[in-house]
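J.: My structure file my_file.tsv, TSV, N, CA and C atoms, is below:
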```tsv
chain	number	residue	atom	x	y	z
A	419	MET	N	13.34	115.56	-18.50
A	419	MET	CA	14.28	114.98	-19.44
A	419	MET	C	15.71	115.36	-19.09
A	420	LYS	N	15.87	116.63	-18.66
A	420	LYS	CA	17.20	117.11	-18.35
A	420	LYS	C	17.77	116.39	-17.12
A	421	LYS	N	16.92	116.14	-16.13
A	421	LYS	CA	17.37	115.44	-14.93
A	421	LYS	C	17.79	114.01	-15.27
A	422	THR	N	17.06	113.37	-16.14
A	422	THR	CA	17.40	112.01	-16.55
A	422	THR	C	18.74	112.00	-17.27
A	423	TYR	N	18.97	113.00	-18.10
A	423	TYR	CA	20.26	113.10	-18.80
A	423	TYR	C	21.40	113.23	-17.80
A	424	TYR	N	21.22	114.11	-16.81
A	424	TYR	CA	22.27	114.29	-15.82
A	424	TYR	C	22.48	113.02	-14.98
A	425	LYS	N	21.40	112.34	-14.70
A	425	LYS	CA	21.48	111.11	-13.92
A	425	LYS	C	22.29	110.05	-14.66
A	426	TYR	N	21.98	109.84	-15.94
A	426	TYR	CA	22.70	108.84	-16.72
A	426	TYR	C	24.14	109.25	-17.00
A	427	SER	N	24.36	110.54	-17.21
A	427	SER	CA	25.75	110.97	-17.44
A	427	SER	C	26.59	110.83	-16.18
A	428	ALA	N	25.99	111.03	-15.02
A	428	ALA	CA	26.72	110.82	-13.76
A	428	ALA	C	27.08	109.35	-13.60
A	429	TRP	N	26.14	108.46	-13.93
A	429	TRP	CA	26.43	107.03	-13.85
A	429	TRP	C	27.54	106.63	-14.82
A	430	LEU	N	27.50	107.17	-16.03
A	430	LEU	CA	28.54	106.86	-17.00
A	430	LEU	C	29.89	107.41	-16.59
A	431	ALA	N	29.88	108.55	-15.90
A	431	ALA	CA	31.14	109.12	-15.44
A	431	ALA	C	31.75	108.31	-14.30
A	432	THR	N	30.92	107.70	-13.47
A	432	THR	CA	31.45	106.91	-12.36
A	432	THR	C	31.77	105.47	-12.74
A	433	LEU	N	31.30	105.03	-13.87
A	433	LEU	CA	31.54	103.65	-14.29
A	433	LEU	C	33.02	103.30	-14.40
A	434	PRO	N	33.87	104.14	-15.01
A	434	PRO	CA	35.30	103.78	-15.05
A	434	PRO	C	35.92	103.66	-13.66
A	435	VAL	N	35.46	104.48	-12.73
A	435	VAL	CA	36.00	104.41	-11.37
A	435	VAL	C	35.60	103.09	-10.72
A	436	LEU	N	34.39	102.66	-10.97
A	436	LEU	CA	33.93	101.41	-10.39
A	436	LEU	C	34.63	100.19	-11.01
A	437	LEU	N	35.06	100.32	-12.25
A	437	LEU	CA	35.72	99.21	-12.93
A	437	LEU	C	37.24	99.19	-12.75
A	438	MET	N	37.79	100.19	-12.06
A	438	MET	CA	39.23	100.24	-11.85
A	438	MET	C	39.80	99.02	-11.13
A	439	PRO	N	39.13	98.49	-10.09
A	439	PRO	CA	39.71	97.30	-9.45
A	439	PRO	C	39.88	96.12	-10.41
A	440	LEU	N	38.96	95.98	-11.34
A	440	LEU	CA	39.09	94.89	-12.31
A	440	LEU	C	40.30	95.10	-13.20
A	441	ALA	N	40.52	96.33	-13.62
A	441	ALA	CA	41.69	96.63	-14.45
A	441	ALA	C	42.97	96.43	-13.65
A	442	ALA	N	42.94	96.79	-12.36
A	442	ALA	CA	44.12	96.61	-11.53
A	442	ALA	C	44.42	95.13	-11.32
A	443	LYS	N	43.38	94.33	-11.14
A	443	LYS	CA	43.59	92.90	-10.96
A	443	LYS	C	44.12	92.26	-12.23
A	444	ALA	N	43.67	92.74	-13.37
A	444	ALA	CA	44.15	92.19	-14.64
A	444	ALA	C	45.62	92.47	-14.84
A	445	GLN	N	46.09	93.55	-14.29
A	445	GLN	CA	47.49	93.94	-14.45
A	445	GLN	C	48.34	93.50	-13.26
A	446	LEU	N	47.81	92.69	-12.36
A	446	LEU	CA	48.52	92.35	-11.13
A	446	LEU	C	49.84	91.64	-11.38
A	447	SER	N	49.87	90.69	-12.29
A	447	SER	CA	51.11	89.96	-12.51
A	447	SER	C	52.20	90.89	-13.04
A	448	GLU	N	51.82	91.84	-13.87
A	448	GLU	CA	52.80	92.78	-14.39
A	448	GLU	C	53.13	93.84	-13.34
A	449	ALA	N	52.16	94.16	-12.49
A	449	ALA	CA	52.35	95.21	-11.50
A	449	ALA	C	53.29	94.79	-10.38
A	450	GLU	N	53.39	93.49	-10.12
A	450	GLU	CA	54.25	93.04	-9.04
A	450	GLU	C	55.70	93.47	-9.26
A	451	THR	N	56.13	93.51	-10.49
A	451	THR	CA	57.50	93.95	-10.75
A	451	THR	C	57.64	95.44	-10.54
A	452	TYR	N	56.56	96.18	-10.74
A	452	TYR	CA	56.63	97.63	-10.59
A	452	TYR	C	56.43	98.09	-9.16
A	453	LEU	N	55.90	97.22	-8.30
A	453	LEU	CA	55.67	97.62	-6.91
A	453	LEU	C	56.97	97.94	-6.20
A	454	THR	N	58.03	97.21	-6.49
A	454	THR	CA	59.31	97.53	-5.86
A	454	THR	C	59.83	98.87	-6.37
A	455	ASP	N	59.60	99.17	-7.64
A	455	ASP	CA	60.02	100.48	-8.16
A	455	ASP	C	59.25	101.61	-7.49
A	456	VAL	N	57.96	101.40	-7.26
A	456	VAL	CA	57.16	102.41	-6.59
A	456	VAL	C	57.62	102.56	-5.14
A	457	GLY	N	57.88	101.44	-4.49
A	457	GLY	CA	58.36	101.49	-3.11
A	457	GLY	C	59.67	102.22	-2.98
A	458	GLU	N	60.57	101.98	-3.91
A	458	GLU	CA	61.85	102.70	-3.87
A	458	GLU	C	61.64	104.18	-4.21
A	459	GLY	N	60.64	104.48	-5.03
A	459	GLY	CA	60.38	105.85	-5.41
A	459	GLY	C	59.87	106.69	-4.25
A	460	ILE	N	59.08	106.10	-3.35
A	460	ILE	CA	58.57	106.86	-2.21
A	460	ILE	C	59.49	106.76	-1.00
A	461	GLY	N	60.60	106.10	-1.15
A	461	GLY	CA	61.59	106.09	-0.09
A	461	GLY	C	61.61	104.83	0.76
A	462	THR	N	60.91	103.80	0.36
A	462	THR	CA	60.93	102.55	1.10
A	462	THR	C	61.22	101.42	0.13
A	463	ASP	N	61.75	100.36	0.64
A	463	ASP	CA	61.93	99.16	-0.18
A	463	ASP	C	61.78	97.95	0.73
A	464	ALA	N	62.06	96.79	0.23
A	464	ALA	CA	61.82	95.56	0.98
A	464	ALA	C	62.75	95.44	2.19
A	465	THR	N	63.89	96.09	2.17
A	465	THR	CA	64.84	95.95	3.28
A	465	THR	C	64.58	96.93	4.40
A	466	THR	N	63.98	98.07	4.13
A	466	THR	CA	63.72	99.07	5.17
A	466	THR	C	62.23	99.33	5.26
A	467	ASN	N	61.54	98.54	6.04
A	467	ASN	CA	60.11	98.70	6.22
A	467	ASN	C	59.81	99.29	7.58
A	468	ASP	N	60.40	100.44	7.88
A	468	ASP	CA	60.11	101.10	9.14
A	468	ASP	C	58.75	101.77	9.05
A	469	LEU	N	57.89	101.48	10.01
A	469	LEU	CA	56.53	101.99	10.00
A	469	LEU	C	56.47	103.51	10.07
A	470	PRO	N	57.23	104.17	10.95
A	470	PRO	CA	57.15	105.63	10.98
A	470	PRO	C	57.56	106.29	9.66
A	471	ILE	N	58.55	105.71	9.00
A	471	ILE	CA	58.99	106.29	7.72
A	471	ILE	C	57.92	106.09	6.66
A	472	LEU	N	57.30	104.92	6.64
A	472	LEU	CA	56.24	104.65	5.67
A	472	LEU	C	55.04	105.57	5.89
A	473	ILE	N	54.63	105.72	7.15
A	473	ILE	CA	53.51	106.61	7.46
A	473	ILE	C	53.86	108.04	7.12
A	474	GLY	N	55.09	108.44	7.40
A	474	GLY	CA	55.52	109.80	7.05
A	474	GLY	C	55.48	110.04	5.56
A	475	ASN	N	55.90	109.06	4.79
A	475	ASN	CA	55.86	109.21	3.33
A	475	ASN	C	54.43	109.30	2.81
A	476	ILE	N	53.54	108.50	3.38
A	476	ILE	CA	52.14	108.54	2.97
A	476	ILE	C	51.52	109.89	3.32
A	477	ILE	N	51.80	110.39	4.52
A	477	ILE	CA	51.28	111.70	4.92
A	477	ILE	C	51.84	112.79	4.02
A	478	ALA	N	53.11	112.71	3.68
A	478	ALA	CA	53.72	113.71	2.80
A	478	ALA	C	53.06	113.71	1.43
A	479	VAL	N	52.76	112.54	0.91
A	479	VAL	CA	52.11	112.46	-0.40
A	479	VAL	C	50.70	113.05	-0.33
A	480	LEU	N	49.95	112.70	0.70
A	480	LEU	CA	48.59	113.22	0.84
A	480	LEU	C	48.58	114.74	1.00
A	481	LEU	N	49.49	115.26	1.81
A	481	LEU	CA	49.54	116.70	2.00
A	481	LEU	C	50.01	117.41	0.74
A	482	SER	N	50.87	116.77	-0.03
A	482	SER	CA	51.30	117.36	-1.29
A	482	SER	C	50.13	117.45	-2.27
A	483	VAL	N	49.32	116.40	-2.33
A	483	VAL	CA	48.15	116.42	-3.21
A	483	VAL	C	47.16	117.51	-2.78
A	484	LEU	N	46.95	117.63	-1.47
A	484	LEU	CA	46.06	118.68	-0.97
A	484	LEU	C	46.63	120.06	-1.28
A	485	GLY	N	47.93	120.22	-1.17
A	485	GLY	CA	48.55	121.49	-1.52
A	485	GLY	C	48.34	121.85	-2.98
A	486	ILE	N	48.46	120.86	-3.85
A	486	ILE	CA	48.22	121.10	-5.28
A	486	ILE	C	46.77	121.51	-5.51
A	487	ILE	N	45.85	120.86	-4.82
A	487	ILE	CA	44.43	121.20	-4.97
A	487	ILE	C	44.19	122.64	-4.54
A	488	PHE	N	44.79	123.07	-3.44
A	488	PHE	CA	44.58	124.44	-2.99
A	488	PHE	C	45.24	125.46	-3.90
A	489	VAL	N	46.36	125.12	-4.49
A	489	VAL	CA	46.97	126.03	-5.47
A	489	VAL	C	46.07	126.17	-6.69
A	490	VAL	N	45.48	125.08	-7.13
A	490	VAL	CA	44.54	125.14	-8.26
A	490	VAL	C	43.33	126.00	-7.88
A	491	LEU	N	42.85	125.89	-6.64
A	491	LEU	CA	41.74	126.74	-6.19
A	491	LEU	C	42.13	128.21	-6.20
A	492	ILE	N	43.36	128.53	-5.83
A	492	ILE	CA	43.81	129.91	-5.85
A	492	ILE	C	43.85	130.44	-7.28
A	493	VAL	N	44.34	129.63	-8.18
A	493	VAL	CA	44.37	130.04	-9.59
A	493	VAL	C	42.95	130.23	-10.12
A	494	TYR	N	42.05	129.34	-9.77
A	494	TYR	CA	40.65	129.44	-10.20
A	494	TYR	C	40.00	130.70	-9.63
A	495	ALA	N	40.26	131.00	-8.36
A	495	ALA	CA	39.70	132.21	-7.76
A	495	ALA	C	40.25	133.46	-8.44
A	496	GLY	N	41.53	133.43	-8.79
A	496	GLY	CA	42.10	134.55	-9.53
A	496	GLY	C	41.45	134.71	-10.89
A	497	PHE	N	41.19	133.61	-11.55
A	497	PHE	CA	40.51	133.65	-12.84
A	497	PHE	C	39.11	134.23	-12.70
A	498	LEU	N	38.39	133.80	-11.67
A	498	LEU	CA	37.06	134.35	-11.43
A	498	LEU	C	37.11	135.85	-11.16
A	499	TYR	N	38.12	136.26	-10.42
A	499	TYR	CA	38.27	137.68	-10.09
A	499	TYR	C	38.56	138.50	-11.35
A	500	LEU	N	39.41	137.97	-12.20
A	500	LEU	CA	39.77	138.70	-13.41
A	500	LEU	C	38.63	138.75	-14.42
A	501	THR	N	37.80	137.74	-14.44
A	501	THR	CA	36.70	137.71	-15.40
A	501	THR	C	35.39	138.23	-14.82
A	502	ALA	N	35.40	138.78	-13.61
A	502	ALA	CA	34.18	139.29	-12.99
A	502	ALA	C	33.67	140.55	-13.68
A	503	GLN	N	34.52	141.30	-14.30
A	503	GLN	CA	34.18	142.53	-15.03
A	503	GLN	C	33.40	143.51	-14.18
A	504	GLY	N	33.78	143.62	-12.93
A	504	GLY	CA	33.19	144.63	-12.05
A	504	GLY	C	31.86	144.25	-11.42
A	505	GLU	N	31.34	143.08	-11.69
A	505	GLU	CA	30.08	142.66	-11.07
A	505	GLU	C	30.35	142.31	-9.61
A	506	ASP	N	29.63	143.00	-8.72
A	506	ASP	CA	29.89	142.86	-7.29
A	506	ASP	C	29.73	141.44	-6.78
A	507	GLU	N	28.71	140.73	-7.26
A	507	GLU	CA	28.45	139.36	-6.79
A	507	GLU	C	29.60	138.42	-7.16
A	508	LYS	N	30.09	138.53	-8.38
A	508	LYS	CA	31.20	137.67	-8.81
A	508	LYS	C	32.50	138.03	-8.11
A	509	VAL	N	32.71	139.32	-7.87
A	509	VAL	CA	33.92	139.76	-7.17
A	509	VAL	C	33.91	139.25	-5.74
A	510	LYS	N	32.76	139.33	-5.07
A	510	LYS	CA	32.66	138.82	-3.70
A	510	LYS	C	32.91	137.32	-3.65
A	511	LYS	N	32.34	136.60	-4.62
A	511	LYS	CA	32.55	135.15	-4.67
A	511	LYS	C	34.02	134.82	-4.88
A	512	ALA	N	34.67	135.54	-5.78
A	512	ALA	CA	36.08	135.28	-6.06
A	512	ALA	C	36.96	135.61	-4.85
A	513	LYS	N	36.68	136.73	-4.19
A	513	LYS	CA	37.46	137.11	-3.00
A	513	LYS	C	37.27	136.10	-1.87
A	514	LYS	N	36.03	135.63	-1.71
A	514	LYS	CA	35.76	134.64	-0.65
A	514	LYS	C	36.51	133.34	-0.94
A	515	LEU	N	36.44	132.89	-2.19
A	515	LEU	CA	37.14	131.65	-2.57
A	515	LEU	C	38.65	131.81	-2.44
A	516	LEU	N	39.16	132.97	-2.82
A	516	LEU	CA	40.59	133.22	-2.72
A	516	LEU	C	41.05	133.22	-1.26
A	517	SER	N	40.30	133.87	-0.39
A	517	SER	CA	40.69	133.89	1.02
A	517	SER	C	40.60	132.50	1.64
A	518	GLN	N	39.57	131.73	1.28
A	518	GLN	CA	39.45	130.38	1.82
A	518	GLN	C	40.57	129.47	1.30
A	519	ALA	N	40.94	129.63	0.05
A	519	ALA	CA	42.01	128.81	-0.51
A	519	ALA	C	43.36	129.16	0.12
A	520	VAL	N	43.60	130.43	0.37
A	520	VAL	CA	44.86	130.83	1.00
A	520	VAL	C	44.92	130.30	2.43
A	521	ILE	N	43.81	130.40	3.15
A	521	ILE	CA	43.78	129.87	4.52
A	521	ILE	C	44.00	128.35	4.49
A	522	GLY	N	43.37	127.67	3.56
A	522	GLY	CA	43.57	126.22	3.44
A	522	GLY	C	45.01	125.87	3.11
A	523	LEU	N	45.64	126.65	2.24
A	523	LEU	CA	47.04	126.40	1.90
A	523	LEU	C	47.95	126.61	3.10
A	524	VAL	N	47.67	127.63	3.90
A	524	VAL	CA	48.46	127.86	5.12
A	524	VAL	C	48.28	126.70	6.08
A	525	ILE	N	47.07	126.20	6.22
A	525	ILE	CA	46.82	125.06	7.11
A	525	ILE	C	47.56	123.82	6.60
A	526	ILE	N	47.56	123.59	5.29
A	526	ILE	CA	48.26	122.44	4.73
A	526	ILE	C	49.77	122.54	4.97
A	527	ILE	N	50.33	123.73	4.79
A	527	ILE	CA	51.77	123.92	5.02
A	527	ILE	C	52.10	123.69	6.49
A	528	ALA	N	51.25	124.19	7.39
A	528	ALA	CA	51.48	123.96	8.81
A	528	ALA	C	51.36	122.48	9.16
A	529	ALA	N	50.38	121.80	8.58
A	529	ALA	CA	50.22	120.36	8.83
A	529	ALA	C	51.42	119.58	8.31
A	530	TYR	N	51.94	119.98	7.17
A	530	TYR	CA	53.12	119.33	6.61
A	530	TYR	C	54.32	119.50	7.54
A	531	ALA	N	54.50	120.71	8.06
A	531	ALA	CA	55.63	120.97	8.97
A	531	ALA	C	55.48	120.17	10.26
A	532	ILE	N	54.28	120.14	10.81
A	532	ILE	CA	54.04	119.39	12.05
A	532	ILE	C	54.25	117.90	11.82
A	533	ALA	N	53.70	117.38	10.72
A	533	ALA	CA	53.85	115.96	10.42
A	533	ALA	C	55.31	115.60	10.20
A	534	ALA	N	56.07	116.44	9.51
A	534	ALA	CA	57.49	116.16	9.29
A	534	ALA	C	58.24	116.13	10.62
A	535	PHE	N	57.92	117.06	11.51
A	535	PHE	CA	58.58	117.09	12.82
A	535	PHE	C	58.24	115.85	13.64
A	536	VAL	N	56.97	115.48	13.68
A	536	VAL	CA	56.54	114.33	14.48
A	536	VAL	C	57.13	113.04	13.93
A	537	ILE	N	57.11	112.87	12.63
A	537	ILE	CA	57.65	111.65	12.03
A	537	ILE	C	59.15	111.56	12.25
A	538	GLU	N	59.84	112.68	12.15
A	538	GLU	CA	61.29	112.68	12.42
A	538	GLU	C	61.57	112.31	13.87
A	539	ALA	N	60.77	112.85	14.80
A	539	ALA	CA	60.94	112.51	16.20
A	539	ALA	C	60.62	111.04	16.46
A	540	LEU	N	59.61	110.49	15.82
A	540	LEU	CA	59.27	109.09	15.99
A	540	LEU	C	60.35	108.18	15.40
A	541	SER	N	60.89	108.55	14.26
A	541	SER	CA	61.91	107.70	13.67
A	541	SER	C	63.20	107.73	14.48
A	542	GLU	N	63.53	108.87	15.07
A	542	GLU	CA	64.70	108.94	15.95
A	542	GLU	C	64.48	108.15	17.22
A	543	ALA	N	63.26	108.19	17.76
A	543	ALA	CA	62.96	107.45	18.99
A	543	ALA	C	62.94	105.94	18.74
A	544	SER	N	62.49	105.53	17.55
A	544	SER	CA	62.40	104.10	17.28
A	544	SER	C	63.78	103.51	16.97
A	545	THR	N	64.69	104.32	16.42
A	545	THR	CA	66.02	103.79	16.12
A	545	THR	C	66.92	103.80	17.36
A	546	GLY	N	66.50	104.53	18.35
A	546	GLY	CA	67.21	104.45	19.61
A	546	GLY	C	68.19	105.51	19.79
```
Please express the file's structure as C-alpha coordinates.

T.:
Amino acid sequence: MKKTYYKYSAWLATLPVLLMPLAAKAQLSEAETYLTDVGEGIGTDATTNDLPILIGNIIAVLLSVLGIIFVVLIVYAGFLYLTAQGEDEKVKKAKKLLSQAVIGLVIIIAAYAIAAFVIEALSEASTG
(Lines of atoms letter the chains of each structure in order from A and count residues from 1; the text may use other names and numbers.)
(Lines give C-alpha, C1' and ligand atoms only; values in the text may rest on other atoms or scores of the structure.)
Protein backbone atom coordinates (compact mmCIF):
# COMPACT_ATOMS: atom_id res chain seq x y z
CA MET A 1 0.00 0.00 0.00
CA LYS A 2 2.83 2.34 0.87
CA LYS A 3 4.55 1.79 -2.48
CA THR A 4 1.32 2.54 -4.32
CA TYR A 5 0.95 5.76 -2.35
CA TYR A 6 4.46 6.84 -3.28
CA LYS A 7 3.89 5.89 -6.90
CA TYR A 8 0.72 7.98 -7.20
CA SER A 9 2.18 10.90 -5.28
CA ALA A 10 5.19 10.91 -7.63
CA TRP A 11 2.85 11.01 -10.62
CA LEU A 12 0.86 13.86 -9.09
CA ALA A 13 4.06 15.75 -8.36
CA THR A 14 5.24 15.47 -11.97
CA LEU A 15 1.87 16.34 -13.50
CA PRO A 16 2.33 20.14 -13.24
CA VAL A 17 5.72 19.82 -14.92
CA LEU A 18 4.20 17.86 -17.77
CA LEU A 19 1.43 20.43 -18.21
CA MET A 20 3.77 23.44 -18.27
CA PRO A 21 4.04 23.55 -22.08
CA LEU A 22 0.28 23.91 -22.32
CA ALA A 23 0.31 26.79 -19.87
CA ALA A 24 3.18 28.39 -21.77
CA LYS A 25 1.33 28.08 -25.06
CA ALA A 26 -1.78 29.61 -23.55
CA GLN A 27 0.25 32.62 -22.49
CA LEU A 28 2.15 32.91 -25.79
CA SER A 29 0.38 35.98 -27.13
CA GLU A 30 1.00 37.82 -23.88
CA ALA A 31 4.52 36.44 -23.55
CA GLU A 32 5.66 37.84 -26.89
CA THR A 33 5.70 41.32 -25.41
CA TYR A 34 7.73 40.11 -22.46
CA LEU A 35 10.32 38.25 -24.53
CA THR A 36 12.02 41.49 -25.49
CA ASP A 37 12.13 42.50 -21.83
CA VAL A 38 13.73 39.17 -20.95
CA GLY A 39 16.20 39.52 -23.82
CA GLU A 40 17.21 42.96 -22.66
CA GLY A 41 17.47 41.65 -19.10
CA ILE A 42 20.06 39.01 -20.01
CA GLY A 43 22.03 41.45 -22.10
CA THR A 44 20.73 40.83 -25.61
CA ASP A 45 18.03 42.43 -27.68
CA ALA A 46 16.82 42.36 -31.27
CA THR A 47 19.60 44.64 -32.52
CA THR A 48 22.58 42.80 -31.01
CA ASN A 49 22.24 39.09 -31.64
CA ASP A 50 25.89 38.13 -31.40
CA LEU A 51 26.14 34.38 -30.89
CA PRO A 52 29.17 34.40 -28.56
CA ILE A 53 27.51 36.94 -26.28
CA LEU A 54 24.27 34.96 -26.20
CA ILE A 55 26.08 31.70 -25.45
CA GLY A 56 28.13 33.45 -22.78
CA ASN A 57 25.01 34.78 -21.12
CA ILE A 58 23.37 31.35 -21.16
CA ILE A 59 26.49 29.74 -19.67
CA ALA A 60 26.65 32.44 -17.00
CA VAL A 61 23.03 31.82 -16.02
CA LEU A 62 23.52 28.05 -15.86
CA LEU A 63 26.69 28.35 -13.79
CA SER A 64 24.98 30.82 -11.48
CA VAL A 65 22.13 28.36 -10.88
CA LEU A 66 24.63 25.58 -10.20
CA GLY A 67 26.48 27.86 -7.79
CA ILE A 68 23.27 28.53 -5.89
CA ILE A 69 22.59 24.79 -5.70
CA PHE A 70 26.03 24.14 -4.24
CA VAL A 71 25.66 26.93 -1.69
CA VAL A 72 22.36 25.37 -0.60
CA LEU A 73 24.15 22.01 -0.30
CA ILE A 74 26.80 23.63 1.91
CA VAL A 75 24.12 25.10 4.15
CA TYR A 76 22.34 21.73 4.31
CA ALA A 77 25.59 19.94 5.20
CA GLY A 78 26.20 22.49 7.94
CA PHE A 79 22.70 21.89 9.26
CA LEU A 80 23.31 18.14 9.27
CA TYR A 81 26.59 18.66 11.10
CA LEU A 82 25.00 20.86 13.74
CA THR A 83 22.10 18.50 14.33
CA ALA A 84 24.22 15.31 14.40
CA GLN A 85 24.52 15.54 18.21
CA GLY A 86 27.79 13.63 18.26
CA GLU A 87 26.60 10.58 16.33
CA ASP A 88 29.59 9.41 14.31
CA GLU A 89 27.58 8.22 11.30
CA LYS A 90 25.74 11.53 10.89
CA VAL A 91 28.92 13.55 11.42
CA LYS A 92 30.74 11.53 8.74
CA LYS A 93 27.83 12.00 6.33
CA ALA A 94 27.74 15.75 6.98
CA LYS A 95 31.52 16.13 6.57
CA LYS A 96 31.47 14.13 3.34
CA LEU A 97 28.61 16.21 1.93
CA LEU A 98 30.30 19.43 3.02
CA SER A 99 33.61 18.52 1.38
CA GLN A 100 31.86 17.44 -1.83
CA ALA A 101 29.82 20.64 -1.95
CA VAL A 102 32.89 22.81 -1.41
CA ILE A 103 34.78 20.96 -4.16
CA GLY A 104 31.77 21.37 -6.46
CA LEU A 105 31.58 25.09 -5.69
CA VAL A 106 35.28 25.50 -6.48
CA ILE A 107 34.77 23.67 -9.79
CA ILE A 108 31.79 25.90 -10.64
CA ILE A 109 33.78 29.07 -9.87
CA ALA A 110 36.66 27.83 -12.03
CA ALA A 111 34.26 26.94 -14.86
CA TYR A 112 32.69 30.39 -14.62
CA ALA A 113 36.11 32.05 -14.86
CA ILE A 114 37.17 29.89 -17.81
CA ALA A 115 33.88 30.43 -19.63
CA ALA A 116 34.06 34.20 -19.08
CA PHE A 117 37.61 34.27 -20.47
CA VAL A 118 36.76 32.14 -23.52
CA ILE A 119 33.60 34.07 -24.34
CA GLU A 120 35.44 37.38 -24.01
CA ALA A 121 38.18 36.10 -26.33
CA LEU A 122 35.60 34.85 -28.84
CA SER A 123 33.68 38.12 -28.82
CA GLU A 124 36.88 40.11 -29.36
CA ALA A 125 37.91 37.79 -32.20
CA SER A 126 34.51 37.99 -33.88
CA THR A 127 34.37 41.81 -33.73
CA GLY A 128 37.76 42.00 -35.32

J.: Between CA of Asn475 in chain A and atom N of Tyr494 in chain A, what is the distance in Å, rounded to a tenth?

T.: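 About the pair CA of Asn475 in chain A and atom N of Tyr494 in chain A: they are 27.7 Å apart.
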
J.: Can you tell me how far CA of Leu516 in chain A sits from CA of Gln503 in chain A, in Å to one decimal?

T.: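 Going from CA of Leu516 in chain A over to CA of Gln503 in chain A, I get 16.7 Å.
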
J.: Calculated over only N, CA and C atoms, which of the candidates A:Pro434, A:Leu481, A:Lys420, A:Pro470 has the smallest distance to Glu538 in chain A?

T.: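 Closest to Glu538 in chain A, using only N, CA and C atoms: A:Pro470.
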
J.: Hey, can you check how far CA of Ser541 in chain A sits from atom C of Leu469 in chain A?

T.: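 Computed distance, CA of Ser541 in chain A to atom C of Leu469 in chain A, equals 7.8 Å.
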
J.: So, counting only N, CA and C atoms, which residue among A:Val536, A:Ser544, A:Ile492, A:Ile476 is closest to Leu515 in chain A?

T.: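 That would be A:Ile492, the residue with the smallest distance to Leu515 in chain A.
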
J.: Which polymer residues have any atom within 8 Å of an atom of Ala495 in chain A, counting all atoms listed in the file, with same-chain residues fewer than 5 positions away left out, as a list in words?

T.: Val489, Val490, Leu500, Thr501, Lys511, Ala512, Lys513, Lys514, Leu515, Leu516 and Ser517 of chain A

J.: Please determine, counting all atoms listed in the file, which residue among A:Thr422, A:Ile471, A:Ala428, A:Phe488 has the shortest atom-to-atom distance to Gln518 in chain A.

T.: A:Phe488

J.: Draw an axis-aligned box tight on the listed atoms of range 475-481 of chain A, then pad every side by 3 Å and write out centre and edge lengths in Å to one decimal as AutoDock Vina command-line options.

T.:
```
--center_x 52.2 --center_y 113.0 --center_z 2.3 --size_x 13.3 --size_y 14.9 --size_z 11.3
```
